[in-house]
$ cat target.cif   # mmCIF, C-alpha atoms
data_structure
loop_
_atom_site.label_atom_id
_atom_site.label_comp_id
_atom_site.auth_asym_id
_atom_site.auth_seq_id
_atom_site.Cartn_x
_atom_site.Cartn_y
_atom_site.Cartn_z
CA MET G 1 1.69 -45.49 14.26
CA THR G 2 -1.74 -45.02 15.72
CA ALA G 3 -2.09 -41.27 16.08
CA THR G 4 -1.61 -38.14 14.02
CA LEU G 5 -0.29 -34.78 15.03
CA PRO G 6 -3.02 -32.14 15.15
CA GLY G 7 -2.51 -28.55 14.11
CA THR G 8 -3.41 -25.54 16.22
CA SER G 9 -7.02 -25.28 15.04
CA ARG G 10 -9.63 -23.15 16.72
CA GLU G 11 -11.02 -26.30 18.35
CA THR G 12 -7.56 -27.30 19.59
CA LEU G 13 -7.00 -23.84 21.06
CA ALA G 14 -10.39 -23.81 22.78
CA ALA G 15 -9.72 -27.23 24.28
CA ALA G 16 -6.30 -26.06 25.48
CA GLU G 17 -7.85 -23.03 27.15
CA ARG G 18 -10.44 -25.17 28.95
CA ARG G 19 -7.78 -27.63 30.03
CA SER G 20 -5.52 -24.81 31.28
CA ALA G 21 -8.32 -23.39 33.41
CA GLU G 22 -8.83 -26.80 34.99
CA LEU G 23 -5.09 -27.20 35.54
CA GLU G 24 -4.94 -23.88 37.37
CA LYS G 25 -7.61 -25.17 39.76
CA GLN G 26 -5.62 -28.37 40.31
CA ILE G 27 -2.44 -26.41 40.97
CA GLY G 28 -4.27 -24.44 43.63
CA GLN G 29 -5.50 -27.65 45.25
CA ASP G 30 -2.31 -29.74 45.11
CA PRO G 31 0.73 -28.07 43.50
CA SER G 32 3.03 -30.94 44.52
CA ARG G 33 1.45 -33.07 41.79
CA PHE G 34 3.10 -31.00 39.09
CA ARG G 35 6.58 -30.83 37.62
CA VAL G 36 7.11 -27.96 35.17
CA LEU G 37 9.70 -27.76 32.39
CA THR G 38 10.39 -24.36 30.89
CA GLY G 39 13.43 -22.44 29.66
CA ASP G 40 15.12 -20.10 27.20
CA ARG G 41 17.85 -20.01 24.60
CA PRO G 42 20.93 -18.10 25.79
CA THR G 43 21.15 -15.64 22.93
CA GLY G 44 21.22 -12.37 24.89
CA PRO G 45 19.77 -10.65 27.95
CA LEU G 46 16.11 -11.27 28.66
CA HIS G 47 13.81 -8.27 28.28
CA LEU G 48 10.58 -6.90 29.71
CA GLY G 49 8.52 -8.91 27.24
CA HIS G 50 10.07 -12.08 28.63
CA TYR G 51 9.39 -10.95 32.19
CA PHE G 52 5.71 -10.17 31.77
CA GLY G 53 5.19 -12.97 29.24
CA THR G 54 6.78 -15.95 31.03
CA LEU G 55 9.24 -15.21 33.82
CA GLN G 56 6.89 -13.89 36.46
CA ASN G 57 4.60 -16.85 35.78
CA ARG G 58 7.48 -19.23 36.54
CA VAL G 59 8.03 -17.53 39.87
CA ARG G 60 4.30 -17.73 40.57
CA LEU G 61 4.29 -21.48 39.94
CA GLN G 62 7.43 -21.98 41.99
CA ASP G 63 6.01 -20.01 44.91
CA ALA G 64 2.77 -21.99 44.67
CA GLY G 65 4.74 -25.19 45.35
CA VAL G 66 5.12 -26.61 41.82
CA GLU G 67 8.44 -28.34 41.11
CA LEU G 68 10.23 -26.17 38.55
CA PHE G 69 12.87 -27.21 36.00
CA VAL G 70 14.40 -24.32 34.07
CA LEU G 71 16.38 -25.19 30.94
CA VAL G 72 19.27 -23.14 29.60
CA ALA G 73 18.82 -24.36 26.02
CA ASP G 74 22.38 -23.91 24.84
CA TYR G 75 22.26 -26.55 22.09
CA GLN G 76 19.19 -24.87 20.63
CA VAL G 77 21.26 -21.73 19.98
CA LEU G 78 22.60 -23.65 16.98
CA THR G 79 19.19 -24.16 15.38
CA ASP G 80 19.36 -20.88 13.45
CA ARG G 81 22.99 -19.76 13.89
CA ASP G 82 26.26 -20.78 12.26
CA ASN G 83 28.05 -20.81 15.62
CA ALA G 84 27.32 -20.42 19.32
CA GLY G 85 28.81 -16.90 19.54
CA ASN G 86 29.27 -15.45 23.02
CA LEU G 87 27.58 -18.44 24.61
CA GLY G 88 29.36 -18.33 27.97
CA GLY G 89 28.50 -14.67 28.47
CA TYR G 90 24.90 -15.19 27.47
CA VAL G 91 24.50 -18.13 29.86
CA THR G 92 25.74 -15.88 32.66
CA GLU G 93 23.25 -13.18 31.63
CA LEU G 94 20.45 -15.73 31.70
CA LEU G 95 21.41 -16.94 35.18
CA LEU G 96 21.51 -13.38 36.46
CA ASP G 97 18.05 -12.70 35.08
CA TYR G 98 16.61 -15.92 36.50
CA LEU G 99 17.96 -15.41 39.99
CA ALA G 100 17.23 -11.68 40.10
CA ILE G 101 13.55 -12.10 39.25
CA GLY G 102 13.07 -14.67 42.00
CA ILE G 103 13.74 -18.15 40.68
CA ASP G 104 15.13 -19.92 43.75
CA PRO G 105 17.79 -22.61 43.15
CA ALA G 106 16.78 -24.20 46.45
CA ARG G 107 13.32 -24.89 44.98
CA ALA G 108 14.03 -24.97 41.23
CA THR G 109 16.50 -26.90 39.08
CA ILE G 110 18.36 -24.67 36.63
CA PHE G 111 20.39 -26.71 34.14
CA ALA G 112 22.06 -26.57 30.74
CA HIS G 113 20.98 -28.68 27.80
CA SER G 114 24.51 -29.77 26.95
CA ALA G 115 25.23 -30.96 30.51
CA VAL G 116 22.65 -33.77 30.49
CA PRO G 117 23.94 -36.50 28.14
CA ALA G 118 21.02 -38.82 28.84
CA LEU G 119 18.56 -36.17 27.69
CA ASN G 120 20.28 -35.96 24.33
CA GLN G 121 20.42 -39.75 23.97
CA LEU G 122 16.64 -39.87 24.24
CA PHE G 123 16.48 -37.79 21.07
CA LEU G 124 17.30 -40.79 18.82
CA PRO G 125 14.52 -43.18 19.84
CA PHE G 126 12.09 -40.27 19.98
CA LEU G 127 13.01 -39.19 16.45
CA SER G 128 12.20 -42.70 15.21
CA LEU G 129 8.63 -42.25 16.41
CA VAL G 130 7.89 -39.21 14.21
CA SER G 131 7.50 -39.13 10.44
CA VAL G 132 9.10 -36.59 8.13
CA PRO G 133 5.69 -35.26 6.96
CA GLU G 134 4.71 -34.66 10.60
CA LEU G 135 7.85 -32.62 11.15
CA ARG G 136 7.20 -30.64 7.97
CA ARG G 137 3.64 -29.87 9.05
CA ASN G 138 4.66 -28.42 12.41
CA PRO G 139 3.55 -24.77 12.04
CA THR G 140 6.18 -23.41 14.42
CA VAL G 141 8.99 -25.13 12.51
CA LYS G 142 7.60 -23.81 9.23
CA ASP G 143 7.55 -20.28 10.62
CA GLU G 144 11.06 -20.54 12.08
CA ILE G 145 12.43 -21.85 8.79
CA ALA G 146 10.65 -19.10 6.83
CA ASN G 147 12.16 -16.43 9.09
CA SER G 148 15.59 -18.00 9.46
CA ARG G 149 18.55 -15.72 8.80
CA GLN G 150 20.44 -18.58 7.15
CA SER G 151 20.49 -19.42 3.45
CA SER G 152 19.63 -23.01 4.35
CA VAL G 153 18.48 -24.52 7.64
CA SER G 154 20.21 -27.27 9.55
CA GLY G 155 18.81 -30.65 10.48
CA LEU G 156 18.71 -29.40 14.07
CA MET G 157 16.22 -26.70 13.09
CA PHE G 158 14.05 -29.27 11.35
CA THR G 159 14.07 -31.71 14.26
CA TYR G 160 14.24 -29.42 17.27
CA PRO G 161 10.59 -30.07 18.28
CA VAL G 162 11.68 -33.67 18.93
CA HIS G 163 14.61 -32.36 20.95
CA GLN G 164 12.13 -30.26 22.90
CA ALA G 165 10.14 -33.42 23.56
CA ALA G 166 13.31 -34.93 25.05
CA ASP G 167 13.70 -31.78 27.19
CA ILE G 168 10.25 -32.33 28.62
CA LEU G 169 10.18 -36.11 28.93
CA PHE G 170 13.68 -36.73 30.30
CA CYS G 171 12.52 -35.40 33.69
CA LYS G 172 8.94 -36.62 33.20
CA ALA G 173 7.56 -33.09 33.42
CA ASN G 174 3.78 -33.16 33.36
CA LEU G 175 3.15 -29.46 32.85
CA VAL G 176 4.59 -27.12 30.22
CA PRO G 177 3.69 -23.39 30.29
CA VAL G 178 3.42 -22.20 26.69
CA GLY G 179 1.94 -19.53 24.48
CA GLN G 180 -0.47 -20.40 21.69
CA ASP G 181 2.33 -20.67 19.12
CA GLN G 182 4.03 -23.42 21.14
CA LEU G 183 1.01 -25.69 21.45
CA PRO G 184 2.08 -27.88 18.48
CA HIS G 185 5.34 -28.69 20.31
CA VAL G 186 3.47 -29.95 23.37
CA GLU G 187 1.14 -31.95 21.13
CA LEU G 188 4.16 -33.54 19.46
CA THR G 189 5.63 -34.37 22.87
CA ARG G 190 2.37 -36.02 23.91
CA LEU G 191 2.34 -37.96 20.65
CA ILE G 192 5.91 -39.19 21.15
CA ALA G 193 5.14 -40.27 24.72
CA ARG G 194 2.03 -42.12 23.55
CA ARG G 195 3.79 -43.86 20.69
CA PHE G 196 6.72 -44.89 22.84
CA ASN G 197 4.39 -46.40 25.43
CA GLU G 198 2.42 -48.26 22.76
CA ARG G 199 5.49 -49.61 20.99
CA TYR G 200 7.73 -50.54 23.92
CA GLY G 201 5.85 -50.28 27.23
CA THR G 202 4.62 -47.54 29.51
CA VAL G 203 7.36 -45.16 30.68
CA PHE G 204 6.07 -41.66 30.05
CA GLY G 205 3.01 -39.69 30.98
CA GLU G 206 1.57 -37.22 28.48
CA PRO G 207 2.44 -33.67 29.62
CA ALA G 208 -0.23 -31.00 29.58
CA ALA G 209 0.11 -27.51 28.13
CA LEU G 210 -0.58 -24.69 30.57
CA LEU G 211 -1.64 -21.98 28.16
CA SER G 212 -0.51 -18.49 29.10
CA LYS G 213 -1.79 -15.34 27.45
CA ALA G 214 1.38 -13.31 27.13
CA PRO G 215 0.69 -9.57 26.88
CA LEU G 216 1.44 -8.05 23.49
CA LEU G 217 4.39 -5.74 24.15
CA LEU G 218 5.96 -4.22 21.07
CA GLY G 219 9.58 -3.19 20.74
CA THR G 220 10.57 0.46 20.83
CA ASP G 221 10.46 0.54 17.01
CA GLY G 222 6.87 -0.70 16.90
CA GLY G 223 7.88 -4.18 15.75
CA LYS G 224 8.00 -7.45 17.65
CA MET G 225 10.11 -7.11 20.79
CA SER G 226 13.21 -9.20 20.23
CA LYS G 227 16.70 -9.64 21.65
CA SER G 228 18.15 -9.71 18.15
CA ARG G 229 16.39 -6.59 16.80
CA GLY G 230 17.82 -4.11 19.31
CA ASN G 231 14.33 -2.83 20.14
CA ALA G 232 13.91 -4.33 23.61
CA ILE G 233 14.42 -3.04 27.15
CA ALA G 234 16.52 -5.57 29.03
CA ILE G 235 15.50 -6.59 32.53
CA GLY G 236 18.98 -5.57 33.66
CA ALA G 237 19.00 -2.18 31.91
CA THR G 238 19.88 0.80 34.08
CA ALA G 239 17.32 3.48 34.90
CA ASP G 240 19.04 5.86 32.48
CA GLU G 241 19.12 3.27 29.70
CA THR G 242 15.44 2.59 30.26
CA ARG G 243 14.64 6.31 30.06
CA ARG G 244 16.62 6.70 26.82
CA LEU G 245 15.00 3.68 25.17
CA ILE G 246 11.46 4.68 26.13
CA LYS G 247 12.10 8.28 25.04
CA GLY G 248 12.95 7.00 21.56
CA ALA G 249 9.99 4.62 21.37
CA LYS G 250 7.64 4.98 18.41
CA THR G 251 4.21 6.52 19.08
CA ASP G 252 1.79 8.40 16.78
CA SER G 253 0.64 11.94 16.07
CA VAL G 254 -2.58 11.88 18.12
CA ARG G 255 -2.12 13.81 21.36
CA ASP G 256 -4.95 12.23 23.36
CA ILE G 257 -3.70 8.94 24.83
CA ARG G 258 -6.09 5.99 24.65
CA TYR G 259 -5.69 2.25 25.02
CA GLU G 260 -6.72 1.00 21.58
CA PRO G 261 -4.41 -1.92 20.63
CA LYS G 262 -5.93 -2.54 17.19
CA THR G 263 -5.87 1.04 15.90
CA ARG G 264 -3.00 2.52 17.93
CA PRO G 265 -0.64 -0.38 18.61
CA GLU G 266 2.54 1.56 19.51
CA VAL G 267 0.83 3.89 21.98
CA SER G 268 -1.20 1.03 23.44
CA SER G 269 1.91 -1.10 23.94
CA LEU G 270 3.51 1.67 26.01
CA VAL G 271 0.31 2.09 28.01
CA LEU G 272 0.23 -1.66 28.62
CA LEU G 273 3.85 -1.67 29.77
CA ALA G 274 3.06 1.03 32.33
CA ALA G 275 -0.08 -0.80 33.44
CA LEU G 276 1.74 -4.11 33.88
CA SER G 277 4.50 -2.41 35.85
CA LEU G 278 1.93 -0.71 38.07
CA ASP G 279 -0.42 -3.73 38.32
CA ARG G 280 -3.25 -1.59 37.01
CA ASP G 281 -5.78 -1.63 34.20
CA PRO G 282 -4.40 -0.16 30.94
CA VAL G 283 -7.62 1.71 30.14
CA THR G 284 -7.41 3.53 33.46
CA VAL G 285 -3.73 4.34 32.94
CA ALA G 286 -4.49 5.79 29.51
CA GLU G 287 -7.36 7.89 30.87
CA GLN G 288 -5.10 9.39 33.52
CA ILE G 289 -2.54 10.40 30.88
CA GLY G 290 -5.27 11.72 28.60
CA ALA G 291 -4.27 14.89 26.75
CA GLY G 292 -0.76 14.78 28.17
CA GLY G 293 0.41 13.30 24.91
CA ALA G 294 3.48 11.23 24.12
CA VAL G 295 5.72 13.14 26.56
CA LYS G 296 3.54 12.37 29.58
CA LEU G 297 3.00 8.82 28.34
CA LYS G 298 6.72 8.13 28.12
CA ASP G 299 7.40 9.77 31.47
CA THR G 300 4.70 7.60 33.04
CA VAL G 301 6.10 4.43 31.48
CA THR G 302 9.67 5.26 32.46
CA GLU G 303 8.78 5.94 36.07
CA ALA G 304 6.61 2.81 36.31
CA VAL G 305 9.24 0.50 34.80
CA ASN G 306 12.12 1.88 36.81
CA GLU G 307 10.17 1.61 40.04
CA ARG G 308 8.94 -1.93 39.26
CA PHE G 309 12.40 -3.23 38.40
CA ALA G 310 14.57 -1.27 40.86
CA ALA G 311 14.85 -4.12 43.37
CA ILE G 312 15.34 -6.74 40.64
CA ARG G 313 18.11 -4.70 39.05
CA ALA G 314 19.82 -4.12 42.40
CA ARG G 315 19.71 -7.85 43.09
CA ARG G 316 21.06 -8.58 39.63
CA ALA G 317 23.97 -6.19 40.11
CA GLU G 318 24.76 -7.81 43.45
CA LEU G 319 24.71 -11.32 41.95
CA ALA G 320 27.02 -10.23 39.15
CA THR G 321 29.78 -9.58 41.71
CA ASP G 322 29.88 -13.29 42.64
CA PRO G 323 30.47 -15.37 39.49
CA GLY G 324 31.48 -18.33 41.63
CA TYR G 325 27.98 -18.51 43.08
CA LEU G 326 26.45 -18.45 39.59
CA ARG G 327 28.67 -21.34 38.52
CA ARG G 328 27.70 -23.34 41.62
CA VAL G 329 24.00 -22.79 40.95
CA LEU G 330 24.32 -24.06 37.40
CA ARG G 331 26.66 -26.90 38.33
CA ASP G 332 24.33 -28.13 41.08
CA GLY G 333 21.32 -27.91 38.78
CA CYS G 334 23.12 -29.77 36.00
CA ARG G 335 24.14 -32.51 38.43
CA ARG G 336 20.57 -33.04 39.60
CA ALA G 337 19.19 -32.97 36.06
CA ALA G 338 21.84 -35.45 34.92
CA GLU G 339 20.90 -37.86 37.71
CA ILE G 340 17.25 -37.69 36.72
CA GLY G 341 18.15 -38.10 33.05
CA ASP G 342 20.28 -41.15 33.77
CA ALA G 343 17.42 -42.78 35.66
CA THR G 344 14.96 -42.09 32.83
CA LEU G 345 17.37 -43.35 30.16
CA ASP G 346 18.01 -46.53 32.14
CA GLU G 347 14.27 -47.12 32.31
CA VAL G 348 13.96 -46.48 28.57
CA ARG G 349 16.79 -48.89 27.77
CA ALA G 350 15.26 -51.58 29.94
CA THR G 351 11.86 -51.11 28.29
CA MET G 352 13.42 -51.24 24.80
CA GLY G 353 15.53 -54.30 25.63
CA MET G 354 18.78 -52.33 25.38
CA ARG G 355 20.14 -52.77 28.89
CA TYR G 356 23.19 -54.92 28.14
#
$ encode --input "target.cif" --output "structure tokens"
Amino acid sequence: MTATLPGTSRETLAAAERRSAELEKQIGQDPSRFRVLTGDRPTGPLHLGHYFGTLQNRVRLQDAGVELFVLVADYQVLTDRDNAGNLGGYVTELLLDYLAIGIDPARATIFAHSAVPALNQLFLPFLSLVSVPELRRNPTVKDEIANSRQSSVSGLMFTYPVHQAADILFCKANLVPVGQDQLPHVELTRLIARRFNERYGTVFGEPAALLSKAPLLLGTDGGKMSKSRGNAIAIGATADETRRLIKGAKTDSVRDIRYEPKTRPEVSSLVLLAALSLDRDPVTVAEQIGAGGAVKLKDTVTEAVNERFAAIRARRAELATDPGYLRRVLRDGCRRAAEIGDATLDEVRATMGMRY
């Protein structure tokens, strides 16, 4: 093997930021050059952190003319769970969120991990290209294992960055929107593509990371916003549910409202949520609330969120009345993804001398 997997050093991050800025320029000039792979695990309804962190960016790229592949990562549910749980219901929730926020199945391919056999067959040759020490050094895997709710982790947890590489390379995606913590996964994917090409022959390009700076939105308890912690506001929450959740959100004892994320994280997170919903600067939003205290802050946030998401929630409710349409969207996306996966796997087999 001729390359090593880098960590997310300060130099790596700076280079990724420079590259992302250049990629944004290229997208503006010729979006048709790019195929994006992104997605989510179906483990519960998506929340406002997901929307402002990744979902609206997907719609932006789609609307710009980038080809969008959206993965329902159902197999990855098993990385840190003993069973798949209410998987069917969660997949439906995910589809509702995707379609309601503006992902268009006429311009995007929405598909399930388990429905693309060729994708999963690519996992085996890809795994042979990565050493055990390289998997152990992956900082995201180390963090996931450290925070796993299981007494011991499965082999799927240990190797899922390689499975993610298969997710990206099966459709030859050349652009992967990620946060800073996911950069090592893209680097591993690039490494696998490079090693495959060197060992067998050129099949894959090396996908680029499009670094996104997701806003830091805390959960209502002041901790990390998470589907599993019960501290998130779902995209599909009703106006009354949103009001109740924001009313119970953690703040502090200082009456004057200011946007100071380092010293007043809970208050600042609420200010930021209002600002994002209003498309305004958080400092200005905080100044307008001023001495109104936590009551005015929460009223402002509630009104901003409910107004921002009213149309999305109405669309989501309408879509929920037609489960047949949701199934067709997923079935059509899975069919297209499977066709692409079959073509890629056939090319891989031919290159490896395995087309019998």
$ closest_atom_pairs --input "target.cif" --of "range 109-202 of chain G" --to "range 326-349 of chain G" --cutoff "8 Å" --atoms "all atoms listed in the file" --output "JSON lines"
{"residue": "G:Thr109", "atom": "CA", "partner": "G:Gly333", "partner_atom": "CA", "distance": 4.9}
{"residue": "G:Ile110", "atom": "CA", "partner": "G:Gly333", "partner_atom": "CA", "distance": 4.9}
{"residue": "G:Phe111", "atom": "CA", "partner": "G:Cys334", "partner_atom": "CA", "distance": 4.5}
{"residue": "G:Ala112", "atom": "CA", "partner": "G:Cys334", "partner_atom": "CA", "distance": 6.2}
{"residue": "G:Ala115", "atom": "CA", "partner": "G:Cys334", "partner_atom": "CA", "distance": 6.0}
{"residue": "G:Val116", "atom": "CA", "partner": "G:Ala338", "partner_atom": "CA", "distance": 4.8}
{"residue": "G:Pro117", "atom": "CA", "partner": "G:Ala338", "partner_atom": "CA", "distance": 7.2}
{"residue": "G:Ala118", "atom": "CA", "partner": "G:Gly341", "partner_atom": "CA", "distance": 5.1}
{"residue": "G:Leu119", "atom": "CA", "partner": "G:Gly341", "partner_atom": "CA", "distance": 5.7}
{"residue": "G:Gln121", "atom": "CA", "partner": "G:Leu345", "partner_atom": "CA", "distance": 7.8}
{"residue": "G:Leu122", "atom": "CA", "partner": "G:Leu345", "partner_atom": "CA", "distance": 6.9}
{"residue": "G:Phe170", "atom": "CA", "partner": "G:Gly341", "partner_atom": "CA", "distance": 5.4}
{"residue": "G:Cys171", "atom": "CA", "partner": "G:Ile340", "partner_atom": "CA", "distance": 6.1}
$ write_last_selection --input "target.cif" --atoms "C-alpha atoms" --output "short mmCIF file (atom, residue, chain, number, x, y, z; two decimals), keeping the file's coordinate frame"
data_model
loop_
_atom_site.label_atom_id
_atom_site.label_comp_id
_atom_site.auth_asym_id
_atom_site.auth_seq_id
_atom_site.Cartn_x
_atom_site.Cartn_y
_atom_site.Cartn_z
CA THR G 109 16.50 -26.90 39.08
CA ILE G 110 18.36 -24.67 36.63
CA PHE G 111 20.39 -26.71 34.14
CA ALA G 112 22.06 -26.57 30.74
CA ALA G 115 25.23 -30.96 30.51
CA VAL G 116 22.65 -33.77 30.49
CA PRO G 117 23.94 -36.50 28.14
CA ALA G 118 21.02 -38.82 28.84
CA LEU G 119 18.56 -36.17 27.69
CA GLN G 121 20.42 -39.75 23.97
CA LEU G 122 16.64 -39.87 24.24
CA PHE G 170 13.68 -36.73 30.30
CA CYS G 171 12.52 -35.40 33.69
#
$ residues_around --input "target.cif" --residues "range 229-243 of chain G" --least-positions-apart "4" --cutoff "8 Å" --atoms "only C-alpha atoms" --output "count of residues only"
20
$ closest_residue --input "target.cif" --among "G:Ala320, G:Ala275, G:Leu210, G:Val254" --to "Ala21 in chain G" --atoms "all atoms listed in the file"
G:Leu210
$ residues_around --input "target.cif" --residues "range 52-57 of chain G" --least-positions-apart "3" --cutoff "10 Å" --atoms "all atoms listed in the file" --output "list in words"
Thr38, Gly39, Leu46, His47, Leu48, Gly49, Arg60, Leu61, Gln62, Asp63, Asp97, Tyr98, Ile101, Gly102, Ile103, Pro177, Val178, Gly179, Ser212, Lys213, Ala214, Pro215, Leu216, Leu217, Leu273, Leu276 and Ser277 of chain G
$ atom_distance --input "target.cif" --atom1 "CA of Leu23 in chain G" --atom2 "CA of Leu135 in chain G"
28.1 Å
$ residues_around --input "target.cif" --residues "range 199-208 of chain G" --least-positions-apart "4" --cutoff "12 Å" --atoms "all atoms listed in the file" --output "PyMOL selection string"
chain G and resi 1-2+15-24+34-37+125-126+128-129+165-178+183-195+343-354
$ atom_distance --input "target.cif" --atom1 "CA of Glu11 in chain G" --atom2 "CA of Asp143 in chain G"
21.0 Å
$ residues_around --input "target.cif" --residues "Ser114 in chain G" --least-positions-apart "4" --cutoff "9 Å" --atoms "all atoms listed in the file" --output "list in words"
Val72, Ala73, Asp74, Tyr75, Leu119 and Asn120 of chain G
$ atom_distance --input "target.cif" --atom1 "CA of Arg244 in chain G" --atom2 "CA of Leu272 in chain G"
18.5 Å
$ closest_residue --input "target.cif" --among "G:Ala304, G:Ile27, G:Ala291, G:Ala106" --to "Asp279 in chain G" --atoms "all atoms listed in the file"
G:Ala304
